[in-house]
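K.L.:
Just input.pdb, nothing more (PDB, C-alpha atoms and all ligand atoms):
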```
ATOM      1  CA  MET A   1      63.955  77.994 103.597
ATOM      2  CA  LYS A   2      66.618  76.179 101.592
ATOM      3  CA  LYS A   3      69.926  78.036 101.678
ATOM      4  CA  VAL A   4      73.108  77.167  99.846
ATOM      5  CA  ILE A   5      76.651  78.496  99.936
ATOM      6  CA  TYR A   6      78.540  79.021  96.688
ATOM      7  CA  PRO A   7      82.177  79.294  97.794
ATOM      8  CA  GLY A   8      85.068  80.295  95.595
ATOM      9  CA  SER A   9      87.843  82.734  94.838
ATOM     10  CA  PHE A  10      85.887  84.510  92.092
ATOM     11  CA  ASP A  11      88.993  86.379  90.933
ATOM     12  CA  PRO A  12      87.326  87.482  88.778
ATOM     13  CA  PHE A  13      83.656  86.424  88.864
ATOM     14  CA  THR A  14      82.880  85.164  85.335
ATOM     15  CA  ASN A  15      79.816  84.445  83.224
ATOM     16  CA  GLY A  16      80.364  80.774  84.098
ATOM     17  CA  HIS A  17      79.960  81.619  87.791
ATOM     18  CA  LEU A  18      76.920  83.757  87.018
ATOM     19  CA  ASP A  19      75.290  80.845  85.203
ATOM     20  CA  ILE A  20      75.813  78.588  88.237
ATOM     21  CA  VAL A  21      74.250  81.234  90.534
ATOM     22  CA  LYS A  22      71.195  81.627  88.290
ATOM     23  CA  ARG A  23      70.663  77.889  88.060
ATOM     24  CA  ALA A  24      71.191  77.355  91.791
ATOM     25  CA  LEU A  25      68.447  79.926  92.411
ATOM     26  CA  GLU A  26      66.016  77.554  90.689
ATOM     27  CA  LEU A  27      66.849  74.936  93.300
ATOM     28  CA  PHE A  28      67.367  76.985  96.462
ATOM     29  CA  ASP A  29      65.581  79.911  98.129
ATOM     30  CA  GLU A  30      68.756  81.787  98.984
ATOM     31  CA  ILE A  31      72.358  81.615  97.834
ATOM     32  CA  ILE A  32      75.330  83.052  99.682
ATOM     33  CA  ILE A  33      78.264  83.743  97.410
ATOM     34  CA  LEU A  34      81.193  83.332  99.752
ATOM     35  CA  VAL A  35      84.409  84.941  98.583
ATOM     36  CA  ALA A  36      87.497  83.213  99.948
ATOM     37  CA  LYS A  37      89.838  85.640 101.662
ATOM     38  CA  SER A  38      92.780  83.313 101.310
ATOM     39  CA  PRO A  39      95.266  85.012  99.036
ATOM     40  CA  THR A  40      95.333  83.776  95.474
ATOM     41  CA  LYS A  41      98.428  84.147  93.366
ATOM     42  CA  ASN A  42      98.621  87.681  91.929
ATOM     43  CA  PRO A  43      95.019  88.655  92.628
ATOM     44  CA  LEU A  44      93.388  90.694  89.930
ATOM     45  CA  LEU A  45      90.879  92.229  92.323
ATOM     46  CA  ASN A  46      91.336  92.183  96.081
ATOM     47  CA  VAL A  47      88.657  90.653  98.303
ATOM     48  CA  GLU A  48      86.951  93.993  99.028
ATOM     49  CA  GLU A  49      86.788  94.765  95.317
ATOM     50  CA  ARG A  50      85.396  91.307  94.553
ATOM     51  CA  VAL A  51      82.722  91.675  97.246
ATOM     52  CA  LYS A  52      81.848  95.164  96.021
ATOM     53  CA  VAL A  53      81.436  94.083  92.425
ATOM     54  CA  LEU A  54      79.283  91.110  93.469
ATOM     55  CA  ASN A  55      77.077  93.398  95.559
ATOM     56  CA  ASP A  56      76.728  95.543  92.451
ATOM     57  CA  ILE A  57      75.754  92.652  90.204
ATOM     58  CA  PHE A  58      73.143  91.273  92.589
ATOM     59  CA  LYS A  59      71.902  94.498  94.208
ATOM     60  CA  SER A  60      68.339  93.983  93.030
ATOM     61  CA  ASN A  61      68.161  90.282  93.885
ATOM     62  CA  LYS A  62      67.205  89.679  97.502
ATOM     63  CA  LYS A  63      67.820  85.954  97.166
ATOM     64  CA  VAL A  64      71.555  86.481  96.662
ATOM     65  CA  LYS A  65      73.800  87.466  99.573
ATOM     66  CA  ILE A  66      77.503  88.201  99.382
ATOM     67  CA  ASP A  67      79.985  87.493 102.128
ATOM     68  CA  SER A  68      83.688  86.784 102.572
ATOM     69  CA  ASP A  69      85.501  84.563 105.001
ATOM     70  CA  ASP A  70      89.002  83.402 105.783
ATOM     71  CA  GLY A  71      88.185  80.465 108.013
ATOM     72  CA  LEU A  72      87.141  76.913 107.375
ATOM     73  CA  LEU A  73      84.129  76.568 105.119
ATOM     74  CA  ILE A  74      82.523  74.012 107.424
ATOM     75  CA  ASP A  75      82.743  76.453 110.341
ATOM     76  CA  TYR A  76      80.983  79.099 108.275
ATOM     77  CA  ALA A  77      78.315  76.584 107.227
ATOM     78  CA  GLN A  78      77.731  75.403 110.804
ATOM     79  CA  LYS A  79      77.621  78.918 112.207
ATOM     80  CA  ASN A  80      74.994  79.895 109.637
ATOM     81  CA  GLU A  81      73.132  76.578 109.852
ATOM     82  CA  ILE A  82      73.573  75.784 106.177
ATOM     83  CA  LYS A  83      73.984  72.186 105.074
ATOM     84  CA  THR A  84      74.575  72.505 101.356
ATOM     85  CA  LEU A  85      77.308  73.850  99.125
ATOM     86  CA  VAL A  86      77.049  74.314  95.387
ATOM     87  CA  ARG A  87      80.011  74.026  93.043
ATOM     88  CA  GLY A  88      80.337  73.991  89.288
ATOM     89  CA  LEU A  89      81.928  71.265  87.217
ATOM     90  CA  ARG A  90      83.543  71.817  83.862
ATOM     91  CA  ALA A  91      85.859  69.255  82.290
ATOM     92  CA  SER A  92      86.745  65.996  84.002
ATOM     93  CA  GLY A  93      89.814  67.723  85.459
ATOM     94  CA  ASP A  94      87.573  69.568  87.908
ATOM     95  CA  PHE A  95      86.124  66.332  89.197
ATOM     96  CA  GLU A  96      89.159  65.003  91.067
ATOM     97  CA  ALA A  97      89.768  68.170  93.035
ATOM     98  CA  GLU A  98      86.074  68.761  93.715
ATOM     99  CA  PHE A  99      85.537  65.165  94.821
ATOM    100  CA  GLN A 100      88.453  65.435  97.245
ATOM    101  CA  MET A 101      87.264  68.747  98.647
ATOM    102  CA  ALA A 102      83.637  67.611  99.026
ATOM    103  CA  SER A 103      84.824  64.445 100.767
ATOM    104  CA  MET A 104      87.072  66.379 103.137
ATOM    105  CA  ASN A 105      84.289  68.811 103.987
ATOM    106  CA  ARG A 106      81.895  65.948 104.642
ATOM    107  CA  GLU A 107      84.469  64.191 106.786
ATOM    108  CA  LEU A 108      84.854  67.361 108.876
ATOM    109  CA  TYR A 109      81.103  68.049 109.069
ATOM    110  CA  ASN A 110      78.974  65.060 108.179
ATOM    111  CA  LYS A 111      75.791  67.050 107.640
ATOM    112  CA  LEU A 112      77.350  69.020 104.810
ATOM    113  CA  ASP A 113      76.572  67.977 101.242
ATOM    114  CA  THR A 114      77.921  69.416  98.021
ATOM    115  CA  VAL A 115      75.660  69.751  95.020
ATOM    116  CA  PHE A 116      77.362  69.940  91.630
ATOM    117  CA  LEU A 117      75.963  71.710  88.620
ATOM    118  CA  MET A 118      77.449  70.921  85.228
ATOM    119  CA  THR A 119      78.625  73.963  83.340
ATOM    120  CA  SER A 120      76.414  75.147  80.503
ATOM    121  CA  ALA A 121      78.039  74.276  77.176
ATOM    122  CA  GLN A 122      78.786  77.887  76.245
ATOM    123  CA  TYR A 123      80.834  78.443  79.422
ATOM    124  CA  TYR A 124      82.816  75.254  79.742
ATOM    125  CA  PHE A 125      86.076  76.905  78.633
ATOM    126  CA  ILE A 126      85.803  79.932  80.938
ATOM    127  CA  SER A 127      87.925  79.940  84.072
ATOM    128  CA  SER A 128      89.024  82.843  86.265
ATOM    129  CA  SER A 129      92.674  81.938  85.764
ATOM    130  CA  LEU A 130      92.411  81.972  81.955
ATOM    131  CA  VAL A 131      90.473  85.237  81.999
ATOM    132  CA  LYS A 132      93.206  86.663  84.208
ATOM    133  CA  GLU A 133      95.921  85.451  81.856
ATOM    134  CA  VAL A 134      94.227  86.878  78.757
ATOM    135  CA  TRP A 135      93.630  90.177  80.582
ATOM    136  CA  ASN A 136      97.227  90.442  81.768
ATOM    137  CA  ARG A 137      98.341  90.050  78.149
ATOM    138  CA  ASN A 138      95.937  92.773  77.032
ATOM    139  CA  GLY A 139      93.404  90.417  75.442
ATOM    140  CA  ASP A 140      89.694  91.112  75.177
ATOM    141  CA  ILE A 141      87.800  89.462  78.032
ATOM    142  CA  LYS A 142      84.551  91.459  77.720
ATOM    143  CA  ASN A 143      82.497  88.453  76.635
ATOM    144  CA  PHE A 144      83.575  86.277  79.551
ATOM    145  CA  VAL A 145      82.644  88.410  82.570
ATOM    146  CA  PRO A 146      79.583  90.428  83.655
ATOM    147  CA  PRO A 147      79.788  94.143  82.677
ATOM    148  CA  GLU A 148      80.208  95.200  86.340
ATOM    149  CA  VAL A 149      83.339  93.038  86.603
ATOM    150  CA  PHE A 150      84.705  94.396  83.340
ATOM    151  CA  LYS A 151      84.176  97.972  84.536
ATOM    152  CA  SER A 152      85.934  97.276  87.800
ATOM    153  CA  MET A 153      88.899  95.697  85.976
ATOM    154  CA  ILE A 154      89.149  98.631  83.565
ATOM    155  CA  SER A 155      89.107 101.177  86.391
ATOM    156  CA  LYS A 156      91.815  99.261  88.194
ATOM    157  CA  LYS A 157      94.055  99.189  85.142
ATOM    158  CA  SER A 158      93.785 102.907  84.365
TER     159      SER A 158
HETATM  160  P1  LIG B 201      88.128  78.062  93.566
HETATM  161  O1  LIG B 201      89.282  79.003  93.578
HETATM  162  O2  LIG B 201      87.612  77.704  94.917
HETATM  163  O3  LIG B 201      88.249  76.872  92.645
HETATM  164  P2  LIG B 201      86.673  79.516  91.568
HETATM  165  O4  LIG B 201      86.330  80.938  91.820
HETATM  166  O5  LIG B 201      87.709  79.231  90.549
HETATM  167  O6  LIG B 201      86.946  78.913  92.978
HETATM  168  O7  LIG B 201      85.355  78.720  91.164
HETATM  169  C1  LIG B 201      84.294  78.536  92.050
HETATM  170  C2  LIG B 201      83.425  77.405  91.551
HETATM  171  O8  LIG B 201      82.856  77.752  90.294
HETATM  172  C3  LIG B 201      84.144  76.082  91.326
HETATM  173  O9  LIG B 201      83.290  75.025  91.709
HETATM  174  C4  LIG B 201      84.360  76.049  89.840
HETATM  175  O10 LIG B 201      84.446  74.733  89.342
HETATM  176  C5  LIG B 201      83.110  76.730  89.352
HETATM  177  N1  LIG B 201      83.296  77.305  88.034
HETATM  178  C6  LIG B 201      84.279  78.134  87.623
HETATM  179  N2  LIG B 201      84.122  78.463  86.321
HETATM  180  C7  LIG B 201      83.014  77.810  85.878
HETATM  181  C8  LIG B 201      82.330  77.704  84.620
HETATM  182  N3  LIG B 201      82.792  78.321  83.546
HETATM  183  N4  LIG B 201      81.220  76.931  84.562
HETATM  184  C9  LIG B 201      80.792  76.286  85.664
HETATM  185  N5  LIG B 201      81.391  76.322  86.862
HETATM  186  C10 LIG B 201      82.474  77.077  86.984
END
```
Is it possible to give me this structure as structure tokens?
P.N.:
Amino acid sequence: MKKVIYPGSFDPFTNGHLDIVKRALELFDEIIILVAKSPTKNPLLNVEERVKVLNDIFKSNKKVKIDSDDGLLIDYAQKNEIKTLVRGLRASGDFEAEFQMASMNRELYNKLDTVFLMTSAQYYFISSSLVKEVWNRNGDIKNFVPPEVFKSMISKKS
């Protein structure tokens, strides 16, 4: 059974992330969406809320598991006997940071490989940080996130 970890902050989980999950499911038998516990700047949703909303989105898909972790990614991968990570790539700006991170992870655990999926054209401009910025300035972000995420953000605001 081919398992893959999709690690990230997912604050919030966007339609760009969702597209990567769907496409990774064509390549792997199971995907673990691993929410980083490390504090992001001004989190929109806390880790528990992010995990809850992800469980909601994928409740009927047995091939998707949700977890959170605050340790080293390679430790999580080793503990769960998983040798592959999936990450998304948007503009060339992503490449430098992703290349560095994949290289560091491989240096720390040489069995670990990172598979990159190119963003689908309609999502290349969507990032959690931009969604957050638009939201904090009262902009409309409905088209950029799954409905479950939108609902959770609305209920937090009110
Ligand atoms: P991190 O904080 O670890 O960068 P993010 O939650 O921002 O995590 O993103 C997780 C992964 O999803 C990263 O590999 C990122 O490049 C990818 N990603 C984010 N937005 C998109 C998108 N619109 N299309 C494709 N990949 C994306």
K.L.:
Go ahead and fit an axis-aligned box to every listed atom of segment 121-126 of chain A plus 3 Å each side, and pass me the centre and edge lengths in Å, one decimal, as lines of an AutoDock Vina configuration file.
P.N.:
```
center_x = 82.1
center_y = 77.1
center_z = 78.6
size_x = 14.0
size_y = 11.7
size_z = 10.7
```
K.L.:
Do you know which residues are within 9 Å of ligand LIG 201 (chain B) using all atoms listed in the file? Can you write them as a PyMOL selection string?
P.N.:
chain A and resi 6-20+35-36+40+86-90+94-95+97-98+116-129+144
K.L.:
From the options A:Lys83, A:Arg50, A:Lys59, A:Lys22, which residue's atoms come nearest to Lys2 of chain A, counting only C-alpha atoms?
P.N.:
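Closest residue, counting only C-alpha atoms: A:Lys83.
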K.L.:
Which of these, A:Val64, A:Ile74, A:Leu112, A:Val51, has the shortest distance to Leu25 of chain A once you count all atoms listed in the file?
P.N.:
A:Val64
K.L.:
Could you list the residues chosen by the PyMOL selection byres (((chain A and resi 153) around 12) and not hetatm) in this structure as an MDAnalysis selection string?
P.N.:
chainID A and resid 11:13 43:46 49:50 53 131:132 135:136 138 140:142 145:152 154:158
K.L.:
Given the selection you just returned, output its residues as a file containing C-alpha atoms, formatted as an mmCIF file, keeping the file's coordinate frame.
P.N.:
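Wrote out_31.cif, looks like this:
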```cif
data_model
loop_
_atom_site.group_PDB
_atom_site.id
_atom_site.type_symbol
_atom_site.label_atom_id
_atom_site.label_comp_id
_atom_site.auth_asym_id
_atom_site.auth_seq_id
_atom_site.Cartn_x
_atom_site.Cartn_y
_atom_site.Cartn_z
ATOM 1 C CA ASP A 11 88.993 86.379 90.933
ATOM 2 C CA PRO A 12 87.326 87.482 88.778
ATOM 3 C CA PHE A 13 83.656 86.424 88.864
ATOM 4 C CA PRO A 43 95.019 88.655 92.628
ATOM 5 C CA LEU A 44 93.388 90.694 89.930
ATOM 6 C CA LEU A 45 90.879 92.229 92.323
ATOM 7 C CA ASN A 46 91.336 92.183 96.081
ATOM 8 C CA GLU A 49 86.788 94.765 95.317
ATOM 9 C CA ARG A 50 85.396 91.307 94.553
ATOM 10 C CA VAL A 53 81.436 94.083 92.425
ATOM 11 C CA VAL A 131 90.473 85.237 81.999
ATOM 12 C CA LYS A 132 93.206 86.663 84.208
ATOM 13 C CA TRP A 135 93.630 90.177 80.582
ATOM 14 C CA ASN A 136 97.227 90.442 81.768
ATOM 15 C CA ASN A 138 95.937 92.773 77.032
ATOM 16 C CA ASP A 140 89.694 91.112 75.177
ATOM 17 C CA ILE A 141 87.800 89.462 78.032
ATOM 18 C CA LYS A 142 84.551 91.459 77.720
ATOM 19 C CA VAL A 145 82.644 88.410 82.570
ATOM 20 C CA PRO A 146 79.583 90.428 83.655
ATOM 21 C CA PRO A 147 79.788 94.143 82.677
ATOM 22 C CA GLU A 148 80.208 95.200 86.340
ATOM 23 C CA VAL A 149 83.339 93.038 86.603
ATOM 24 C CA PHE A 150 84.705 94.396 83.340
ATOM 25 C CA LYS A 151 84.176 97.972 84.536
ATOM 26 C CA SER A 152 85.934 97.276 87.800
ATOM 27 C CA ILE A 154 89.149 98.631 83.565
ATOM 28 C CA SER A 155 89.107 101.177 86.391
ATOM 29 C CA LYS A 156 91.815 99.261 88.194
ATOM 30 C CA LYS A 157 94.055 99.189 85.142
ATOM 31 C CA SER A 158 93.785 102.907 84.365
#
```
K.L.:
With the input short on atoms, add N, CA and C atoms back to segment 121-137 of chain A and write it as an mmCIF file, keeping the file's coordinate frame.
P.N.:
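Result file is rebuild11.cif:
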```cif
data_model
loop_
_atom_site.group_PDB
_atom_site.id
_atom_site.type_symbol
_atom_site.label_atom_id
_atom_site.label_comp_id
_atom_site.auth_asym_id
_atom_site.auth_seq_id
_atom_site.Cartn_x
_atom_site.Cartn_y
_atom_site.Cartn_z
ATOM 1 N N ALA A 121 77.071 74.516 78.252
ATOM 2 C CA ALA A 121 78.039 74.276 77.176
ATOM 3 C C ALA A 121 78.809 75.534 76.771
ATOM 4 N N GLN A 122 78.107 76.678 76.756
ATOM 5 C CA GLN A 122 78.786 77.887 76.245
ATOM 6 C C GLN A 122 79.811 78.462 77.221
ATOM 7 N N TYR A 123 79.892 77.902 78.427
ATOM 8 C CA TYR A 123 80.834 78.443 79.422
ATOM 9 C C TYR A 123 81.928 77.462 79.838
ATOM 10 N N TYR A 124 81.936 76.295 79.219
ATOM 11 C CA TYR A 124 82.816 75.254 79.742
ATOM 12 C C TYR A 124 84.298 75.628 79.693
ATOM 13 N N PHE A 125 84.651 76.560 78.799
ATOM 14 C CA PHE A 125 86.076 76.905 78.633
ATOM 15 C C PHE A 125 86.465 78.126 79.470
ATOM 16 N N ILE A 126 85.499 78.704 80.186
ATOM 17 C CA ILE A 126 85.803 79.932 80.938
ATOM 18 C C ILE A 126 86.263 79.595 82.348
ATOM 19 N N SER A 127 87.445 80.073 82.691
ATOM 20 C CA SER A 127 87.925 79.940 84.072
ATOM 21 C C SER A 127 88.509 81.287 84.474
ATOM 22 N N SER A 128 88.473 81.572 85.788
ATOM 23 C CA SER A 128 89.024 82.843 86.265
ATOM 24 C C SER A 128 90.494 82.955 85.880
ATOM 25 N N SER A 129 91.230 81.850 86.007
ATOM 26 C CA SER A 129 92.674 81.938 85.764
ATOM 27 C C SER A 129 92.976 82.248 84.294
ATOM 28 N N LEU A 130 92.177 81.670 83.379
ATOM 29 C CA LEU A 130 92.411 81.972 81.955
ATOM 30 C C LEU A 130 92.022 83.402 81.622
ATOM 31 N N VAL A 131 90.903 83.854 82.216
ATOM 32 C CA VAL A 131 90.473 85.237 81.999
ATOM 33 C C VAL A 131 91.578 86.181 82.465
ATOM 34 N N LYS A 132 92.136 85.847 83.635
ATOM 35 C CA LYS A 132 93.206 86.663 84.208
ATOM 36 C C LYS A 132 94.421 86.700 83.265
ATOM 37 N N GLU A 133 94.747 85.530 82.724
ATOM 38 C CA GLU A 133 95.921 85.451 81.856
ATOM 39 C C GLU A 133 95.710 86.267 80.578
ATOM 40 N N VAL A 134 94.522 86.123 79.983
ATOM 41 C CA VAL A 134 94.227 86.878 78.757
ATOM 42 C C VAL A 134 94.275 88.385 79.053
ATOM 43 N N TRP A 135 93.679 88.757 80.181
ATOM 44 C CA TRP A 135 93.630 90.177 80.582
ATOM 45 C C TRP A 135 95.030 90.735 80.794
ATOM 46 N N ASN A 136 95.869 89.972 81.483
ATOM 47 C CA ASN A 136 97.227 90.442 81.768
ATOM 48 C C ASN A 136 98.069 90.591 80.511
ATOM 49 N N ARG A 137 97.636 89.900 79.426
ATOM 50 C CA ARG A 137 98.341 90.050 78.149
ATOM 51 C C ARG A 137 97.557 90.958 77.193
#
```
